[in-house]
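Beneath this line is the structure, given in structure tokens, with notes to follow.
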Amino acid sequence: MAAGQNCLVTNDWICGEYLRTRSQELTDATVQHIWITAVSVLIGLVVAFPLALLARRGRRFAGPVLGLTTVLYTVPSLAMFSLLLPLFGLSAALVVTGLVLYSLTVLVRNILAGLEAVPPEAKEAARGMGYGPLRLLWEVEIPLALPALMAGVRIATVSTIALTTVGSIIGKGGLGNLIGDALPSFFKAQVLTASVLCVLLAVAADLLLLGVQRLLTPWTRIRTPRADTAAVAEAV
């Protein structure tokens, strides 16, 4: 028997034969993991942005919005999926919805922090140039809030990659499915490979988003007293 095949028989942690014979299974699980993560974070952003704008209107709105998103984050994943089960059944939508709700606490807070950190003089300058509320938001406030917003997206993405594995309880957990299937027999190579791939996905996603952040916010690399002024000029 070949040495590569022996590692399956002896149930080694590192096994090249496992990677060779299960490459398609690993690829399918990884693709599903990426798809669920990407959709969840994108929908989370779409939901979080108006909530952050609502919270910015004052304490009367900020308290309930931030409180609700915090409470949602504390709900155990099994309980969350059980509550959503009657609405979505055993589908990928169940997992995505749960992940969206978990992402809101990070996204809403970071978007709100970014918007509130916009210098008042930048907004006053834009208003003086005739900018209305919507144009002010999209062309001045959002560009200047991007560092905090992107930081929130990075955190939410990494945490969502980890939480996606919980979807394995309904067979929609990407790499978590492989981990769940391997645990009863303690198939070491499968547990280790799927776990390492999850970590690599998180690192790759964080580095990719960091690169996007640096491209979108070049002024953050300029450490001068005139950095904010240059940012406002570019945004306007």
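Residue names in the structure tokens use chain letters A, B, ... in the order shown, residue numbers from 1 in each chain, and ligand numbers from 1 in the order shown.
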Exercise for the section: Mind checking which residues fall within 9 Å of Ala162 of chain A, counting only C-alpha atoms, ignoring those fewer than 2 positions away in the same chain, and posting them as an MDAnalysis selection string? Expected result: chainID A and resid 157:160 164:166 176 198:199 202
Exercise for the section: Enter the distance from atom CA of Val153 of chain A to atom CA of Leu107 of chain A, in Å, rounded to one decimal. Expected result: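 Separating atom CA of Val153 of chain A from atom CA of Leu107 of chain A is a distance of 6.5 Å.
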Cut-off 12 Å: closest segment 117-234 of chain A/segment 46-70 of chain A atom pairs per residue, using only C-alpha atoms, as CSV:
```
residue,atom,partner,partner_atom,distance
A:Ala117,CA,A:Arg56,CA,11.5
A:Leu134,CA,A:Leu53,CA,11.7
A:Leu137,CA,A:Leu53,CA,10.0
A:Glu141,CA,A:Leu53,CA,11.4
A:Ile142,CA,A:Phe49,CA,10.5
A:Ala145,CA,A:Phe49,CA,11.9
A:Leu149,CA,A:Phe49,CA,9.8
A:Gly152,CA,A:Ala48,CA,10.8
A:Val153,CA,A:Ala48,CA,10.8
A:Ala156,CA,A:Ala48,CA,11.5
```
Handout entry: Closest of A:Leu183, A:Leu216, A:Leu163, A:Val100 to Leu146 of chain A - atom-to-atom distances counting only C-alpha atoms
Key =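 Ranking A:Leu183, A:Leu216, A:Leu163, A:Val100 by distance to Leu146 of chain A, first place goes to A:Leu216.
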Problem - Shell around Leu210 of chain A at 10 Å using only C-alpha atoms, local window under 6 positions removed, as an MDAnalysis selection string - result: chainID A and resid 147 150:151 153:154 204 216
Write out, as a short mmCIF file (atom, residue, chain, number, x, y, z; two decimals), in the first residue's frame, the residues just selected, with N, CA, C and O atoms.
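Written file, part.cif:
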```cif
data_model
loop_
_atom_site.label_atom_id
_atom_site.label_comp_id
_atom_site.auth_asym_id
_atom_site.auth_seq_id
_atom_site.Cartn_x
_atom_site.Cartn_y
_atom_site.Cartn_z
N PRO A 147 -13.05 54.96 5.85
CA PRO A 147 -12.13 54.18 6.69
C PRO A 147 -12.85 53.39 7.79
O PRO A 147 -12.58 52.20 7.99
N MET A 150 -15.16 50.67 6.11
CA MET A 150 -14.42 49.51 5.62
C MET A 150 -13.88 48.67 6.77
O MET A 150 -13.79 47.44 6.66
N ALA A 151 -13.50 49.33 7.86
CA ALA A 151 -13.05 48.57 9.04
C ALA A 151 -14.18 47.68 9.54
O ALA A 151 -13.95 46.52 9.91
N VAL A 153 -16.68 46.49 7.70
CA VAL A 153 -16.88 45.43 6.70
C VAL A 153 -15.84 44.33 6.89
O VAL A 153 -16.17 43.14 6.79
N ARG A 154 -14.61 44.71 7.17
CA ARG A 154 -13.55 43.70 7.38
C ARG A 154 -13.87 42.83 8.60
O ARG A 154 -13.77 41.59 8.53
N ALA A 204 -7.39 35.88 3.67
CA ALA A 204 -7.43 36.38 2.30
C ALA A 204 -8.49 37.48 2.15
O ALA A 204 -8.25 38.51 1.50
N LEU A 216 -9.54 53.07 -1.99
CA LEU A 216 -10.66 54.01 -1.90
C LEU A 216 -10.35 55.21 -1.00
O LEU A 216 -11.02 56.23 -1.10
#
```
Problem - Nearest to Trp35 of chain A, chosen from A:Pro218, A:Pro184, A:Gly174, A:Gly98, with only C-alpha atoms counted in the distances - result: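 Looking only at the distances to Trp35 of chain A, the closest residue turns out to be A:Gly174.
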Problem - Test item, helix (DSSP H, G or I) assignment across segment 101-231 of chain A, answer as a count of residues only - result: 109
Practice task
Using only C-alpha atoms, find the one residue out of A:Ile169, A:Ala182, A:Leu209, A:Ala113 that sits nearest to Phe81 of chain A.
Solution key: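 For Phe81 of chain A, the nearest of the candidates is A:Ile169.
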Handout entry: Selected residue, from A:Gly171, A:Gly132, A:Thr30, A:Glu139, that lies nearest to Ser91 of chain A when counting only C-alpha atoms
Key =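 Using only C-alpha atoms, Ser91 of chain A sits closest to A:Gly171.
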